[in-house]
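Asks: I'm passing along upload.cif; it holds mmCIF, C-alpha atoms.
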```cif
data_query
#
loop_
_atom_site.label_atom_id
_atom_site.label_comp_id
_atom_site.auth_asym_id
_atom_site.auth_seq_id
_atom_site.Cartn_x
_atom_site.Cartn_y
_atom_site.Cartn_z
CA MET A 1 99.23 125.10 78.65
CA SER A 2 101.17 125.11 81.91
CA LYS A 3 99.73 123.80 85.19
CA ARG A 4 100.47 125.20 88.64
CA VAL A 5 101.76 122.34 90.79
CA LEU A 6 101.88 122.13 94.59
CA VAL A 7 103.62 119.30 96.44
CA VAL A 8 102.92 118.93 100.17
CA SER A 9 105.11 116.37 101.94
CA ALA A 10 105.20 115.30 105.56
CA HIS A 11 108.99 114.98 105.75
CA ILE A 12 112.06 116.00 103.82
CA GLY A 13 112.67 113.29 101.22
CA ASP A 14 109.08 112.10 100.90
CA GLU A 15 108.66 114.25 97.81
CA ILE A 16 111.82 112.88 96.17
CA LEU A 17 110.80 109.30 96.84
CA GLY A 18 107.16 109.83 95.96
CA CYS A 19 107.21 112.15 92.97
CA GLY A 20 110.80 113.27 92.31
CA GLY A 21 110.82 112.18 88.68
CA THR A 22 107.36 113.63 88.11
CA MET A 23 108.31 117.00 89.64
CA LEU A 24 111.23 117.28 87.24
CA ARG A 25 108.97 116.39 84.32
CA HIS A 26 106.60 119.18 85.34
CA VAL A 27 109.50 121.65 85.44
CA GLN A 28 110.71 120.50 82.02
CA LYS A 29 107.20 121.04 80.68
CA GLY A 30 107.20 124.60 82.02
CA ASP A 31 104.89 124.03 84.99
CA PRO A 32 105.73 126.09 88.12
CA VAL A 33 106.29 123.68 91.03
CA SER A 34 106.10 124.70 94.70
CA LEU A 35 107.08 122.39 97.54
CA VAL A 36 105.88 122.59 101.16
CA VAL A 37 107.51 120.32 103.75
CA LEU A 38 105.42 120.25 106.92
CA GLY A 39 107.57 118.28 109.36
CA GLU A 40 111.16 118.67 110.53
CA GLY A 41 111.61 114.93 110.03
CA TRP A 42 114.36 114.35 112.56
CA THR A 43 113.71 114.52 116.29
CA SER A 44 111.87 111.19 116.62
CA ARG A 45 115.19 109.49 115.81
CA THR A 46 116.49 110.40 119.26
CA ARG A 47 115.25 109.68 122.79
CA SER A 48 113.49 112.99 123.28
CA LEU A 49 112.33 116.03 121.33
CA GLN A 50 114.72 118.30 123.23
CA LYS A 51 117.72 116.02 122.69
CA GLY A 52 116.76 115.77 119.07
CA LEU A 53 116.79 119.52 118.67
CA GLU A 54 120.19 119.65 120.34
CA ALA A 55 121.59 116.89 118.12
CA VAL A 56 120.86 118.35 114.70
CA ASP A 57 121.18 121.68 112.96
CA LEU A 58 117.83 121.92 111.20
CA ASP A 59 119.11 124.76 109.02
CA ALA A 60 121.90 122.47 107.74
CA PHE A 61 119.39 119.63 107.28
CA GLU A 62 117.19 121.86 105.16
CA ASP A 63 120.17 123.22 103.21
CA GLN A 64 121.05 119.64 102.31
CA ALA A 65 117.48 119.12 101.13
CA ARG A 66 117.60 122.28 99.01
CA ALA A 67 120.80 121.07 97.34
CA ALA A 68 119.25 117.67 96.61
CA LEU A 69 116.09 119.25 95.22
CA GLN A 70 118.16 121.50 92.94
CA ILE A 71 119.03 118.32 91.05
CA LEU A 72 115.33 118.13 90.25
CA SER A 73 115.19 121.86 89.43
CA ILE A 74 112.98 122.58 92.47
CA SER A 75 113.79 125.89 94.16
CA ASP A 76 110.46 127.13 95.57
CA ILE A 77 110.58 125.28 98.93
CA GLN A 78 109.00 126.13 102.28
CA PHE A 79 109.73 124.30 105.54
CA HIS A 80 107.43 124.35 108.58
CA ARG A 81 109.25 122.16 111.12
CA LEU A 82 106.21 120.54 112.69
CA PRO A 83 107.38 117.96 115.29
CA ASP A 84 108.53 114.68 113.77
CA ASN A 85 106.16 111.72 114.23
CA ARG A 86 104.01 113.87 116.48
CA PHE A 87 101.49 115.29 114.01
CA ASP A 88 98.77 113.39 115.89
CA ARG A 89 99.42 115.68 118.87
CA LEU A 90 98.65 118.76 116.81
CA GLU A 91 95.25 120.24 116.18
CA GLN A 92 94.26 118.97 112.73
CA LEU A 93 92.80 122.36 111.90
CA ASP A 94 96.19 124.00 112.48
CA VAL A 95 97.76 121.74 109.85
CA VAL A 96 94.85 122.37 107.48
CA LYS A 97 95.29 126.13 107.87
CA ILE A 98 98.94 125.88 106.81
CA VAL A 99 97.92 124.09 103.61
CA GLU A 100 95.01 126.46 102.99
CA GLY A 101 97.44 129.38 103.04
CA TYR A 102 99.33 127.91 100.09
CA LYS A 103 96.10 127.00 98.34
CA THR A 104 94.97 130.63 98.51
CA ARG A 105 98.32 132.05 97.45
CA LEU A 106 99.25 129.58 94.71
CA GLN A 107 95.87 128.37 93.37
CA PRO A 108 97.41 125.09 92.13
CA ASP A 109 95.89 122.99 89.39
CA ILE A 110 97.52 119.75 90.57
CA VAL A 111 98.42 118.79 94.14
CA TYR A 112 100.68 115.89 95.16
CA THR A 113 100.84 114.65 98.74
CA ASN A 114 101.39 111.63 100.97
CA SER A 115 98.98 108.72 101.14
CA VAL A 116 96.46 108.22 103.94
CA THR A 117 97.39 104.51 103.88
CA ASP A 118 100.99 105.12 105.02
CA LEU A 119 102.46 103.63 108.18
CA GLY A 120 103.67 107.02 109.44
CA VAL A 121 101.22 109.16 111.38
CA ASP A 122 102.72 112.35 109.92
CA GLN A 123 102.08 111.11 106.37
CA ARG A 124 98.49 110.16 107.16
CA THR A 125 97.83 113.48 108.86
CA THR A 126 99.34 115.36 105.91
CA CYS A 127 97.06 113.60 103.45
CA LEU A 128 93.95 114.33 105.52
CA ALA A 129 94.96 117.97 105.91
CA VAL A 130 95.48 118.37 102.17
CA ALA A 131 92.22 116.60 101.33
CA THR A 132 90.41 118.90 103.77
CA ALA A 133 92.07 122.08 102.51
CA PHE A 134 91.26 121.16 98.92
CA ARG A 135 87.70 119.99 99.42
CA PRO A 136 85.73 120.72 96.21
CA LEU A 137 83.80 123.89 97.00
CA PRO A 138 81.90 125.89 94.34
CA GLY A 139 84.09 128.23 92.34
CA GLU A 140 87.38 126.48 93.17
CA ALA A 141 90.11 126.56 90.52
CA PHE A 142 91.74 123.39 91.86
CA SER A 143 91.29 120.34 89.64
CA GLU A 144 93.26 117.28 90.77
CA LEU A 145 94.62 115.69 93.96
CA ARG A 146 97.16 112.88 93.66
CA THR A 147 98.76 110.89 96.50
CA PHE A 148 102.17 109.27 96.16
CA GLU A 149 103.91 106.32 97.78
CA VAL A 150 106.97 106.64 100.02
CA ARG A 151 109.31 103.70 100.30
CA SER A 152 109.60 102.35 103.88
CA SER A 153 106.28 103.89 104.81
CA THR A 154 103.60 103.10 102.23
CA GLU A 155 104.56 99.45 101.74
CA TRP A 156 104.98 98.91 105.50
CA SER A 157 101.45 100.07 106.30
CA ALA A 158 99.52 98.06 108.87
CA SER A 159 96.22 98.91 107.18
CA PRO A 160 93.98 96.06 105.92
CA ALA A 161 94.47 95.14 102.27
CA ARG A 162 91.35 97.06 101.27
CA GLN A 163 93.01 100.23 102.59
CA SER A 164 96.40 99.69 100.98
CA PHE A 165 97.88 102.05 98.38
CA GLN A 166 96.10 101.35 95.09
CA PRO A 167 97.63 103.35 92.22
CA ASN A 168 95.46 104.36 89.30
CA HIS A 169 97.69 107.00 87.68
CA PHE A 170 101.22 106.42 86.38
CA VAL A 171 103.78 108.94 85.11
CA ASP A 172 106.61 107.91 82.80
CA ILE A 173 109.92 108.87 84.48
CA SER A 174 112.20 106.94 82.14
CA GLU A 175 114.04 110.18 81.31
CA THR A 176 114.14 111.57 84.86
CA LEU A 177 114.80 108.47 86.98
CA ALA A 178 118.56 109.09 87.01
CA GLN A 179 118.08 112.57 88.47
CA LYS A 180 115.63 111.21 91.06
CA ILE A 181 118.20 108.65 92.21
CA SER A 182 120.92 111.29 92.27
CA ALA A 183 118.72 113.57 94.41
CA LEU A 184 118.02 110.74 96.84
CA GLU A 185 121.70 109.88 97.15
CA SER A 186 122.47 113.55 97.82
CA LEU A 187 120.08 113.46 100.76
CA SER A 188 122.36 111.35 102.94
CA THR A 189 120.16 111.63 106.03
CA GLU A 190 117.31 109.86 104.21
CA ALA A 191 119.02 107.42 101.83
CA ARG A 192 119.81 103.93 103.11
CA ALA A 193 122.06 101.07 102.06
CA TRP A 194 120.81 98.02 100.17
CA PRO A 195 118.70 95.99 100.90
CA HIS A 196 116.68 98.74 102.65
CA SER A 197 113.66 99.76 100.55
CA ARG A 198 114.87 103.38 100.66
CA SER A 199 118.22 102.51 99.10
CA ALA A 200 119.01 103.88 95.64
CA SER A 201 118.96 100.37 94.16
CA ALA A 202 115.59 99.51 95.71
CA VAL A 203 114.04 102.81 94.59
CA GLN A 204 115.31 102.25 91.06
CA HIS A 205 114.02 98.68 90.97
CA HIS A 206 110.65 99.84 92.24
CA ALA A 207 110.38 102.50 89.52
CA LEU A 208 111.22 99.88 86.90
CA SER A 209 108.61 97.53 88.36
CA ARG A 210 105.95 100.24 88.42
CA GLY A 211 106.81 101.07 84.83
CA ALA A 212 106.70 97.47 83.67
CA SER A 213 103.26 97.05 85.25
CA VAL A 214 101.87 99.57 82.73
CA GLY A 215 104.17 99.03 79.76
CA LEU A 216 106.71 101.74 80.56
CA GLU A 217 110.42 101.56 81.24
CA ALA A 218 110.09 103.36 84.58
CA ALA A 219 107.21 105.10 86.34
CA GLU A 220 105.98 106.74 89.51
CA ALA A 221 102.59 105.58 90.72
CA PHE A 222 99.83 107.73 92.19
CA SER A 223 96.35 107.34 93.56
CA VAL A 224 94.05 110.06 92.27
CA LEU A 225 91.74 111.03 95.12
CA ARG A 226 89.84 113.58 93.09
CA SER A 227 89.91 114.83 89.51
CA ILE A 228 87.59 117.59 88.30
CA ARG A 229 87.32 118.38 84.60
CA ARG A 230 85.41 121.47 83.52
CA MET A 231 85.93 120.58 79.86
CA ILE A 232 85.94 117.12 78.30
#
```
Using structure tokens, write down the structure that the file contains.
Replies:
Amino acid sequence: MSKRVLVVSAHIGDEILGCGGTMLRHVQKGDPVSLVVLGEGWTSRTRSLQKGLEAVDLDAFEDQARAALQILSISDIQFHRLPDNRFDRLEQLDVVKIVEGYKTRLQPDIVYTNSVTDLGVDQRTTCLAVATAFRPLPGEAFSELRTFEVRSSTEWSASPARQSFQPNHFVDISETLAQKISALESLSTEARAWPHSRSASAVQHHALSRGASVGLEAAEAFSVLRSIRRMI
């Protein structure tokens, strides 16, 4: 039986790094996958928001992301262009309302999103917004919320050890790791050269390490925040 899948990422590329192989596995299984990217993911790289907007063609940036995500067979993508690394200046309710709109329209069974333990404020805000939008109210169809790790954010977190990313759910991506790496390399604005943790080599090594930790060749790791089963 197919599952409706929603992925909510803070920035372009977070979803490839965090659950790229898993998204493709869902598609291969016949699950409809929808992706929502909340932030524009660019302007904090320059001295000011205005200069950032002048320096990049966001349409071209998103077109590059669409091409990379096609490698993973993801075509249902929505961009919201919230200001990069400035989610903490937004009203949290406004971000929640964006997510609630997709919850109402899509009624997903499984939701993937960033981790609240990440270094980046946008990633933390995204996780809190998703957790709020998908709070377990009576009569909800939603069943599971999974957070993913993003290289160069999750492992760089300044949170105490007790608040670090602690995976408890692993997905075998042995057959989809190559496509994940290819998608990352196609996203030239986000990929980095070795030995950066966002380089193709580092991402591949990390997937192999995650896999080996649970007896698989390669895996993506998730922390399940909530899982509701109506039938055993």
Asks: Would you kindly identify which residues have an atom no farther than 12 Å from (97.8, 121.9, 112.7), using only C-alpha atoms and the file's own coordinates, and write them out as number ranges by chain?
Replies: A: 38-39, 80-83, 86-100, 122, 125-126, 128-130, 132-133
Asks: Please produce a file of the residues just selected, as an mmCIF file, in the frame of the given file, where the atoms kept are C-alpha atoms.
Replies:
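Saved to selection-v5.cif:
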```cif
data_model
loop_
_atom_site.group_PDB
_atom_site.id
_atom_site.type_symbol
_atom_site.label_atom_id
_atom_site.label_comp_id
_atom_site.auth_asym_id
_atom_site.auth_seq_id
_atom_site.Cartn_x
_atom_site.Cartn_y
_atom_site.Cartn_z
ATOM 1 C CA LEU A 38 105.420 120.250 106.920
ATOM 2 C CA GLY A 39 107.570 118.280 109.360
ATOM 3 C CA HIS A 80 107.430 124.350 108.580
ATOM 4 C CA ARG A 81 109.250 122.160 111.120
ATOM 5 C CA LEU A 82 106.210 120.540 112.690
ATOM 6 C CA PRO A 83 107.380 117.960 115.290
ATOM 7 C CA ARG A 86 104.010 113.870 116.480
ATOM 8 C CA PHE A 87 101.490 115.290 114.010
ATOM 9 C CA ASP A 88 98.770 113.390 115.890
ATOM 10 C CA ARG A 89 99.420 115.680 118.870
ATOM 11 C CA LEU A 90 98.650 118.760 116.810
ATOM 12 C CA GLU A 91 95.250 120.240 116.180
ATOM 13 C CA GLN A 92 94.260 118.970 112.730
ATOM 14 C CA LEU A 93 92.800 122.360 111.900
ATOM 15 C CA ASP A 94 96.190 124.000 112.480
ATOM 16 C CA VAL A 95 97.760 121.740 109.850
ATOM 17 C CA VAL A 96 94.850 122.370 107.480
ATOM 18 C CA LYS A 97 95.290 126.130 107.870
ATOM 19 C CA ILE A 98 98.940 125.880 106.810
ATOM 20 C CA VAL A 99 97.920 124.090 103.610
ATOM 21 C CA GLU A 100 95.010 126.460 102.990
ATOM 22 C CA ASP A 122 102.720 112.350 109.920
ATOM 23 C CA THR A 125 97.830 113.480 108.860
ATOM 24 C CA THR A 126 99.340 115.360 105.910
ATOM 25 C CA LEU A 128 93.950 114.330 105.520
ATOM 26 C CA ALA A 129 94.960 117.970 105.910
ATOM 27 C CA VAL A 130 95.480 118.370 102.170
ATOM 28 C CA THR A 132 90.410 118.900 103.770
ATOM 29 C CA ALA A 133 92.070 122.080 102.510
#
```
Asks: For the atom pair atom CA of His206 of chain A and atom CA of Ser152 of chain A, what is the interatomic distance in Å to one decimal place?
Replies: 12.0 Å
Asks: I need the output of the PyMOL selection byres ((chain A and resi 200-202) around 10) for this file as a PDB file with C-alpha atoms, keeping the file's coordinate frame; which residues are they?
Replies:
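File produced: expr.pdb:
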```
ATOM      1  CA  LEU A  17     110.800 109.300  96.840  1.00  0.00           C
ATOM      2  CA  ARG A 151     109.310 103.700 100.300  1.00  0.00           C
ATOM      3  CA  LYS A 180     115.630 111.210  91.060  1.00  0.00           C
ATOM      4  CA  ILE A 181     118.200 108.650  92.210  1.00  0.00           C
ATOM      5  CA  SER A 182     120.920 111.290  92.270  1.00  0.00           C
ATOM      6  CA  ALA A 183     118.720 113.570  94.410  1.00  0.00           C
ATOM      7  CA  LEU A 184     118.020 110.740  96.840  1.00  0.00           C
ATOM      8  CA  GLU A 185     121.700 109.880  97.150  1.00  0.00           C
ATOM      9  CA  ALA A 191     119.020 107.420 101.830  1.00  0.00           C
ATOM     10  CA  ARG A 192     119.810 103.930 103.110  1.00  0.00           C
ATOM     11  CA  ALA A 193     122.060 101.070 102.060  1.00  0.00           C
ATOM     12  CA  TRP A 194     120.810  98.020 100.170  1.00  0.00           C
ATOM     13  CA  PRO A 195     118.700  95.990 100.900  1.00  0.00           C
ATOM     14  CA  HIS A 196     116.680  98.740 102.650  1.00  0.00           C
ATOM     15  CA  SER A 197     113.660  99.760 100.550  1.00  0.00           C
ATOM     16  CA  ARG A 198     114.870 103.380 100.660  1.00  0.00           C
ATOM     17  CA  SER A 199     118.220 102.510  99.100  1.00  0.00           C
ATOM     18  CA  VAL A 203     114.040 102.810  94.590  1.00  0.00           C
ATOM     19  CA  GLN A 204     115.310 102.250  91.060  1.00  0.00           C
ATOM     20  CA  HIS A 205     114.020  98.680  90.970  1.00  0.00           C
ATOM     21  CA  HIS A 206     110.650  99.840  92.240  1.00  0.00           C
ATOM     22  CA  ALA A 207     110.380 102.500  89.520  1.00  0.00           C
ATOM     23  CA  LEU A 208     111.220  99.880  86.900  1.00  0.00           C
TER      24      LEU A 208
END
```
Asks: As a check of understanding, name the residues that the PyMOL selection byres ((chain A and resi 18-33) around 8) selects in the supplied structure, as a PyMOL selection string.
Replies: chain A and resi 2-7+14-17+34-35+72-74+76+112+114+148-151+171-173+176-177+179-180+220
Asks: Work out how far atom CA of Ile228 of chain A is from atom CA of Ile77 of chain A, in Å to one decimal.
Replies: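 Atom CA of Ile77 of chain A sits 26.5 Å away from atom CA of Ile228 of chain A.
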Asks: Would you mind reading off the distance between atom CA of Thr154 of chain A and atom CA of Gly215 of chain A, one decimal, in Å?
Replies: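 Taking atom CA of Thr154 of chain A as the start and atom CA of Gly215 of chain A as the end point, the length is 22.8 Å.
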Asks: Find, counting all atoms listed in the file, the residue in A:Ser209, A:Ser188, A:Gln163, A:Ser223 that gets nearest to Arg146 of chain A.
Replies: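 Distance minimum relative to Arg146 of chain A lands on A:Ser223.
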Asks: (86.2, 119.7, 86.6) in this file's frame - what residues fall within 10 Å of it? Use all atoms listed in the file and give the answer as a short mmCIF file (atom, residue, chain, number, x, y, z; two decimals) with C-alpha atoms, in the frame of the given file.
Replies:
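Now in result04.cif:
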```
data_model
loop_
_atom_site.label_atom_id
_atom_site.label_comp_id
_atom_site.auth_asym_id
_atom_site.auth_seq_id
_atom_site.Cartn_x
_atom_site.Cartn_y
_atom_site.Cartn_z
CA PRO A 136 85.73 120.72 96.21
CA GLU A 140 87.38 126.48 93.17
CA ALA A 141 90.11 126.56 90.52
CA PHE A 142 91.74 123.39 91.86
CA SER A 143 91.29 120.34 89.64
CA GLU A 144 93.26 117.28 90.77
CA ARG A 226 89.84 113.58 93.09
CA SER A 227 89.91 114.83 89.51
CA ILE A 228 87.59 117.59 88.30
CA ARG A 229 87.32 118.38 84.60
CA ARG A 230 85.41 121.47 83.52
CA MET A 231 85.93 120.58 79.86
CA ILE A 232 85.94 117.12 78.30
#
```
